[in-house]
Amino acid sequence: MTSKHFMFTGKCPALTHKRLAGLIIPLIVVGVVISLADADQILFIHINKLAQHLPDMIWTNITNMGSTLVGAVLISLLWHKYPHLVLHTMITGTLCTLCVYSLKIGLDITRPHLALDHQLFHFITTDINSPARPSGHTATAFFVAGTWLTLIDSRPVQALILILANLIALSRIAIGVHWPLDLIWGAVIGLSMGVVGSGIIRQMIPSSPKAEELYRALGSVLCLLLAYYFYLRPLPYPDTNTASYSLIYALLGYSLGRLVYRLSVDKKEIA
């Protein structure tokens, strides 16, 4: 395998840090405005009401896509082509999760369904009671989006990725478990770590055909472990999760198949 086909060339990512700032700064400004106007609760109620135009089944399946390990499944679609993302998913993804949960504990913001009368908004029953801010599902969605955006040049595709990430974020209000500010700060954390972490990992890890083969082998093992995890641990809305499970296993099957194929190609090229 020649170096021009190898991932770790130091090329600029599709989403540069300058453009990343152009996405994050407006989010921070909106967050500050909402905080100063004390508009978090009223925005939550209005957005939650608007979201009721779609059935609960749609929102629960969308929100499932923001689960931490579902995020790993979504990034796994790129592992066969960009093997450094296996380590990015494991290392930066873990750091992102630790950051989110450390802030949750430190800020200790009560979730809407625990703070408000349920007659004021629509709540899809769940037993979740951890602190609200920032939203972990939103951070995961934007971590995945940020990772994808560093590798895709097409503006329409980038726009679609951001729309999907925003839908996952909005689903947290639709089901009644997060405030708008939870989503904003989750998006800032996830997008930053997705873009910056991918770049750092790409520059730092070994860049040899043998290393690439190793990362793909590790990715194959991770796909199997993820499949086993979702077999053992159900998603939080069992009555409406058929579509989510079908998608998760289809994506894992695709990722594993592509990784195994590329491993066979790697072995021939190295030989």
# chains A, B, ... in the order shown; residues from 1 in each chain; ligands from 1
>>> select_by_dssp(residues="region 101-218 of chain A", states="helix (DSSP H, G or I)", output="compact mmCIF listing (two decimals) with N, CA, C and O atoms, in the first residue's frame")
# COMPACT_ATOMS: atom_id res chain seq x y z
N TYR A 101 -20.16 13.69 31.64
CA TYR A 101 -20.67 13.22 32.93
C TYR A 101 -20.02 13.95 34.10
O TYR A 101 -20.65 14.11 35.16
N SER A 102 -18.80 14.43 33.92
CA SER A 102 -18.20 15.26 34.97
C SER A 102 -18.96 16.57 35.12
O SER A 102 -19.23 17.03 36.24
N LEU A 103 -19.33 17.17 33.98
CA LEU A 103 -20.11 18.41 34.03
C LEU A 103 -21.51 18.17 34.58
O LEU A 103 -22.05 19.00 35.32
N LYS A 104 -22.10 17.05 34.23
CA LYS A 104 -23.42 16.72 34.77
C LYS A 104 -23.38 16.72 36.30
O LYS A 104 -24.23 17.32 36.97
N ILE A 105 -22.38 16.03 36.84
CA ILE A 105 -22.26 15.92 38.29
C ILE A 105 -21.94 17.28 38.90
O ILE A 105 -22.51 17.67 39.94
N GLY A 106 -21.04 18.03 38.25
CA GLY A 106 -20.65 19.33 38.79
C GLY A 106 -21.78 20.35 38.75
O GLY A 106 -21.98 21.11 39.72
N LEU A 107 -22.52 20.41 37.65
CA LEU A 107 -23.60 21.40 37.51
C LEU A 107 -24.86 20.96 38.24
O LEU A 107 -25.60 21.80 38.77
N PRO A 112 -36.15 18.22 33.22
CA PRO A 112 -37.51 18.77 33.17
C PRO A 112 -38.57 17.86 33.77
O PRO A 112 -39.47 18.32 34.49
N HIS A 113 -38.49 16.56 33.46
CA HIS A 113 -39.54 15.66 33.94
C HIS A 113 -39.48 15.43 35.44
O HIS A 113 -40.42 14.87 36.02
N LEU A 114 -38.39 15.86 36.06
CA LEU A 114 -38.28 15.78 37.52
C LEU A 114 -38.54 17.13 38.18
O LEU A 114 -38.75 17.19 39.40
N ALA A 115 -38.51 18.20 37.38
CA ALA A 115 -38.65 19.55 37.93
C ALA A 115 -40.02 20.17 37.68
O ALA A 115 -40.45 21.06 38.44
N HIS A 118 -46.01 17.39 35.09
CA HIS A 118 -46.14 16.69 33.81
C HIS A 118 -47.33 17.17 32.99
O HIS A 118 -47.41 16.88 31.79
N GLN A 119 -48.23 17.90 33.60
CA GLN A 119 -49.36 18.45 32.84
C GLN A 119 -48.93 19.61 31.94
O GLN A 119 -49.66 20.00 31.02
N LEU A 120 -47.74 20.16 32.19
CA LEU A 120 -47.27 21.30 31.41
C LEU A 120 -46.63 20.89 30.09
O LEU A 120 -46.46 21.73 29.20
N GLY A 136 -26.00 14.17 27.15
CA GLY A 136 -25.08 13.17 26.63
C GLY A 136 -25.43 12.70 25.24
O GLY A 136 -24.55 12.49 24.39
N HIS A 137 -26.74 12.52 24.98
CA HIS A 137 -27.17 12.10 23.65
C HIS A 137 -26.80 13.15 22.59
O HIS A 137 -26.36 12.81 21.49
N THR A 138 -26.98 14.42 22.95
CA THR A 138 -26.63 15.49 22.01
C THR A 138 -25.13 15.54 21.78
O THR A 138 -24.66 15.70 20.64
N ALA A 139 -24.35 15.39 22.86
CA ALA A 139 -22.90 15.38 22.71
C ALA A 139 -22.46 14.23 21.80
O ALA A 139 -21.60 14.41 20.93
N THR A 140 -23.07 13.07 21.97
CA THR A 140 -22.73 11.92 21.12
C THR A 140 -23.09 12.20 19.67
O THR A 140 -22.29 11.94 18.75
N ALA A 141 -24.30 12.73 19.44
CA ALA A 141 -24.74 13.01 18.07
C ALA A 141 -23.80 13.98 17.37
O ALA A 141 -23.43 13.78 16.20
N PHE A 142 -23.36 15.01 18.07
CA PHE A 142 -22.48 16.00 17.46
C PHE A 142 -21.02 15.53 17.43
O PHE A 142 -20.25 15.99 16.59
N PHE A 143 -20.66 14.64 18.31
CA PHE A 143 -19.33 14.01 18.22
C PHE A 143 -19.25 13.19 16.94
O PHE A 143 -18.26 13.27 16.20
N VAL A 144 -20.29 12.42 16.67
CA VAL A 144 -20.35 11.65 15.43
C VAL A 144 -20.36 12.59 14.22
O VAL A 144 -19.63 12.39 13.24
N ALA A 145 -21.20 13.63 14.31
CA ALA A 145 -21.28 14.60 13.20
C ALA A 145 -19.94 15.27 12.95
O ALA A 145 -19.49 15.39 11.80
N GLY A 146 -19.27 15.71 14.03
CA GLY A 146 -17.97 16.36 13.88
C GLY A 146 -16.95 15.44 13.25
O GLY A 146 -16.15 15.86 12.41
N THR A 147 -16.97 14.17 13.63
CA THR A 147 -16.05 13.19 13.06
C THR A 147 -16.30 13.02 11.57
O THR A 147 -15.36 13.04 10.76
N TRP A 148 -17.55 12.85 11.19
CA TRP A 148 -17.89 12.71 9.78
C TRP A 148 -17.54 13.96 8.98
O TRP A 148 -17.05 13.89 7.86
N LEU A 149 -17.78 15.12 9.57
CA LEU A 149 -17.56 16.37 8.86
C LEU A 149 -16.09 16.62 8.53
O LEU A 149 -15.78 17.35 7.59
N ARG A 155 -20.82 19.88 0.68
CA ARG A 155 -21.61 20.75 1.55
C ARG A 155 -23.02 20.20 1.77
O ARG A 155 -23.52 20.26 2.90
N PRO A 156 -23.72 19.68 0.74
CA PRO A 156 -25.05 19.11 0.98
C PRO A 156 -25.02 17.95 1.98
O PRO A 156 -25.91 17.84 2.85
N VAL A 157 -24.02 17.10 1.87
CA VAL A 157 -23.92 15.97 2.80
C VAL A 157 -23.60 16.48 4.21
O VAL A 157 -24.15 15.98 5.20
N GLN A 158 -22.72 17.47 4.29
CA GLN A 158 -22.43 18.06 5.60
C GLN A 158 -23.68 18.65 6.24
O GLN A 158 -23.92 18.49 7.44
N ALA A 159 -24.49 19.33 5.42
CA ALA A 159 -25.74 19.91 5.92
C ALA A 159 -26.68 18.81 6.42
O ALA A 159 -27.32 18.96 7.48
N LEU A 160 -26.76 17.70 5.68
CA LEU A 160 -27.61 16.59 6.09
C LEU A 160 -27.14 16.00 7.42
O LEU A 160 -27.97 15.70 8.30
N ILE A 161 -25.84 15.85 7.57
CA ILE A 161 -25.29 15.31 8.82
C ILE A 161 -25.67 16.21 10.00
O ILE A 161 -26.08 15.73 11.07
N LEU A 162 -25.55 17.52 9.82
CA LEU A 162 -25.90 18.45 10.89
C LEU A 162 -27.40 18.44 11.19
O LEU A 162 -27.82 18.56 12.35
N ILE A 163 -28.22 18.27 10.17
CA ILE A 163 -29.67 18.18 10.37
C ILE A 163 -30.00 16.95 11.22
O ILE A 163 -30.81 17.03 12.16
N LEU A 164 -29.38 15.83 10.89
CA LEU A 164 -29.63 14.60 11.64
C LEU A 164 -29.18 14.74 13.09
O LEU A 164 -29.87 14.29 14.02
N ALA A 165 -28.03 15.37 13.31
CA ALA A 165 -27.55 15.59 14.68
C ALA A 165 -28.51 16.48 15.45
O ALA A 165 -28.80 16.24 16.63
N ASN A 166 -29.03 17.51 14.78
CA ASN A 166 -30.00 18.40 15.44
C ASN A 166 -31.31 17.68 15.77
O ASN A 166 -31.92 17.95 16.80
N LEU A 167 -31.73 16.77 14.91
CA LEU A 167 -32.94 15.99 15.18
C LEU A 167 -32.77 15.12 16.43
O LEU A 167 -33.67 15.01 17.26
N ILE A 168 -31.60 14.51 16.55
CA ILE A 168 -31.32 13.71 17.75
C ILE A 168 -31.36 14.60 18.99
O ILE A 168 -31.93 14.23 20.02
N ALA A 169 -30.76 15.77 18.87
CA ALA A 169 -30.78 16.71 19.99
C ALA A 169 -32.21 17.11 20.35
O ALA A 169 -32.62 17.05 21.52
N LEU A 170 -33.00 17.50 19.36
CA LEU A 170 -34.38 17.94 19.61
C LEU A 170 -35.23 16.81 20.18
O LEU A 170 -36.19 17.07 20.91
N SER A 171 -34.89 15.57 19.85
CA SER A 171 -35.66 14.44 20.40
C SER A 171 -35.59 14.41 21.92
O SER A 171 -36.51 13.92 22.57
N ARG A 172 -34.53 14.95 22.49
CA ARG A 172 -34.39 14.95 23.95
C ARG A 172 -35.39 15.90 24.61
O ARG A 172 -35.83 15.66 25.74
N ILE A 173 -35.74 16.97 23.89
CA ILE A 173 -36.81 17.84 24.37
C ILE A 173 -38.16 17.21 24.08
O ILE A 173 -39.08 17.26 24.89
N ALA A 174 -38.28 16.59 22.90
CA ALA A 174 -39.56 15.98 22.51
C ALA A 174 -40.03 14.92 23.49
O ALA A 174 -41.23 14.80 23.76
N PRO A 180 -33.37 23.12 26.67
CA PRO A 180 -32.62 23.61 25.49
C PRO A 180 -31.14 23.86 25.76
O PRO A 180 -30.29 23.56 24.92
N LEU A 181 -30.82 24.44 26.92
CA LEU A 181 -29.41 24.71 27.22
C LEU A 181 -28.60 23.42 27.34
O LEU A 181 -27.41 23.41 27.03
N ASP A 182 -29.24 22.34 27.77
CA ASP A 182 -28.54 21.05 27.82
C ASP A 182 -28.07 20.65 26.43
O ASP A 182 -26.98 20.11 26.25
N LEU A 183 -28.93 20.90 25.45
CA LEU A 183 -28.62 20.53 24.07
C LEU A 183 -27.48 21.40 23.52
O LEU A 183 -26.58 20.91 22.85
N ILE A 184 -27.55 22.70 23.79
CA ILE A 184 -26.55 23.62 23.25
C ILE A 184 -25.15 23.26 23.76
O ILE A 184 -24.20 23.14 22.98
N TRP A 185 -25.01 23.06 25.07
CA TRP A 185 -23.68 22.78 25.61
C TRP A 185 -23.24 21.36 25.24
O TRP A 185 -22.04 21.12 25.04
N GLY A 186 -24.18 20.45 25.10
CA GLY A 186 -23.82 19.11 24.61
C GLY A 186 -23.30 19.16 23.19
O GLY A 186 -22.32 18.48 22.84
N ALA A 187 -23.94 19.98 22.35
CA ALA A 187 -23.51 20.12 20.96
C ALA A 187 -22.12 20.75 20.87
O ALA A 187 -21.29 20.33 20.06
N VAL A 188 -21.86 21.77 21.69
CA VAL A 188 -20.55 22.43 21.68
C VAL A 188 -19.45 21.43 22.06
O VAL A 188 -18.41 21.35 21.39
N ILE A 189 -19.69 20.65 23.09
CA ILE A 189 -18.69 19.67 23.54
C ILE A 189 -18.48 18.58 22.48
O ILE A 189 -17.35 18.27 22.09
N GLY A 190 -19.57 18.00 22.00
CA GLY A 190 -19.46 16.90 21.05
C GLY A 190 -18.83 17.31 19.74
O GLY A 190 -17.94 16.61 19.22
N LEU A 191 -19.24 18.45 19.19
CA LEU A 191 -18.70 18.90 17.92
C LEU A 191 -17.22 19.23 18.04
O LEU A 191 -16.41 18.86 17.18
N SER A 192 -16.85 19.91 19.12
CA SER A 192 -15.44 20.27 19.33
C SER A 192 -14.56 19.04 19.42
O SER A 192 -13.52 18.94 18.77
N MET A 193 -14.99 18.09 20.23
CA MET A 193 -14.16 16.90 20.45
C MET A 193 -14.15 15.99 19.23
O MET A 193 -13.16 15.32 18.94
N GLY A 194 -15.26 15.96 18.48
CA GLY A 194 -15.30 15.15 17.28
C GLY A 194 -14.31 15.64 16.24
O GLY A 194 -13.57 14.86 15.63
N VAL A 195 -14.28 16.96 16.02
CA VAL A 195 -13.40 17.54 15.01
C VAL A 195 -11.95 17.56 15.48
O VAL A 195 -11.05 17.07 14.80
N VAL A 196 -11.70 18.12 16.65
CA VAL A 196 -10.33 18.29 17.14
C VAL A 196 -9.71 16.93 17.46
O VAL A 196 -8.56 16.66 17.11
N GLY A 197 -10.48 16.06 18.11
CA GLY A 197 -9.96 14.75 18.49
C GLY A 197 -9.57 13.92 17.29
O GLY A 197 -8.53 13.25 17.29
N SER A 198 -10.40 13.95 16.24
CA SER A 198 -10.08 13.20 15.03
C SER A 198 -8.77 13.67 14.42
O SER A 198 -7.94 12.86 13.99
N GLY A 199 -8.57 15.00 14.40
CA GLY A 199 -7.34 15.55 13.85
C GLY A 199 -6.11 15.17 14.66
O GLY A 199 -5.06 14.82 14.11
N ILE A 200 -6.23 15.23 15.99
CA ILE A 200 -5.10 14.91 16.86
C ILE A 200 -4.72 13.44 16.71
O ILE A 200 -3.53 13.09 16.57
N ILE A 201 -5.71 12.57 16.74
CA ILE A 201 -5.44 11.14 16.61
C ILE A 201 -4.79 10.84 15.26
O ILE A 201 -3.84 10.07 15.16
N ARG A 202 -5.30 11.46 14.21
CA ARG A 202 -4.76 11.23 12.87
C ARG A 202 -3.27 11.59 12.79
O ARG A 202 -2.49 10.93 12.11
N GLN A 203 -2.89 12.65 13.50
CA GLN A 203 -1.50 13.12 13.43
C GLN A 203 -0.58 12.31 14.35
O GLN A 203 0.62 12.19 14.08
N MET A 204 -1.12 11.74 15.43
CA MET A 204 -0.26 11.18 16.47
C MET A 204 0.00 9.69 16.34
O MET A 204 1.05 9.21 16.75
N PRO A 209 1.30 0.34 7.06
CA PRO A 209 0.32 -0.66 6.65
C PRO A 209 0.01 -1.67 7.75
O PRO A 209 -1.13 -2.09 7.90
N LYS A 210 1.02 -2.06 8.51
CA LYS A 210 0.79 -2.99 9.62
C LYS A 210 -0.12 -2.39 10.68
O LYS A 210 -1.00 -3.05 11.22
N ALA A 211 0.11 -1.10 10.97
CA ALA A 211 -0.73 -0.42 11.95
C ALA A 211 -2.17 -0.35 11.45
O ALA A 211 -3.12 -0.59 12.20
N GLU A 212 -2.33 -0.03 10.18
CA GLU A 212 -3.66 0.05 9.59
C GLU A 212 -4.39 -1.29 9.70
O GLU A 212 -5.57 -1.35 10.02
N GLU A 213 -3.66 -2.36 9.43
CA GLU A 213 -4.24 -3.70 9.55
C GLU A 213 -4.67 -3.97 10.99
O GLU A 213 -5.76 -4.53 11.24
N LEU A 214 -3.85 -3.57 11.94
CA LEU A 214 -4.16 -3.78 13.35
C LEU A 214 -5.42 -3.02 13.75
O LEU A 214 -6.29 -3.56 14.45
N TYR A 215 -5.54 -1.77 13.31
CA TYR A 215 -6.71 -0.97 13.67
C TYR A 215 -7.99 -1.58 13.09
O TYR A 215 -9.04 -1.59 13.73
N ARG A 216 -7.90 -2.08 11.87
CA ARG A 216 -9.08 -2.70 11.27
C ARG A 216 -9.46 -4.00 11.99
O ARG A 216 -10.65 -4.31 12.16
N ALA A 217 -8.46 -4.75 12.42
CA ALA A 217 -8.74 -5.97 13.19
C ALA A 217 -9.42 -5.61 14.51
O ALA A 217 -10.39 -6.26 14.92
N LEU A 218 -8.90 -4.56 15.15
CA LEU A 218 -9.52 -4.09 16.40
C LEU A 218 -10.95 -3.63 16.14
O LEU A 218 -11.86 -3.91 16.92
>>> residues_around(residues="Thr126 (chain A)", least_positions_apart="4", cutoff="10 Å", atoms="only C-alpha atoms", output="PyMOL selection string")
chain A and resi 113+175-177+236-237
>>> closest_residue(among="A:Gly66, A:Ile248, A:Ser76, A:His122", to="His53 (chain A)", atoms="only C-alpha atoms")
A:His122
>>> atom_distance(atom1="CA of Arg258 (chain A)", atom2="CA of Tyr229 (chain A)")
20.5 Å
>>> atom_distance(atom1="CA of Arg133 (chain A)", atom2="CA of Pro238 (chain A)")
25.4 Å
>>> residues_around(residues="Leu226 (chain A)", least_positions_apart="2", cutoff="9 Å", atoms="only C-alpha atoms", output="list in words")
Leu69, Val70, Ala72, Val73, Val221, Leu222, Cys223, Leu224, Tyr228, Tyr229, Phe230, Tyr231 and Leu252 of chain A
>>> atom_distance(atom1="CA of Leu256 (chain A)", atom2="CA of Trp79 (chain A)")
9.3 Å
>>> closest_residue(among="A:Tyr261, A:Tyr82, A:Trp179, A:Trp59", to="Ile47 (chain A)", atoms="only C-alpha atoms")
A:Trp179
>>> closest_residue(among="A:Ile75, A:Val33, A:Val260, A:Ile124", to="Gln52 (chain A)", atoms="only C-alpha atoms")
A:Ile124
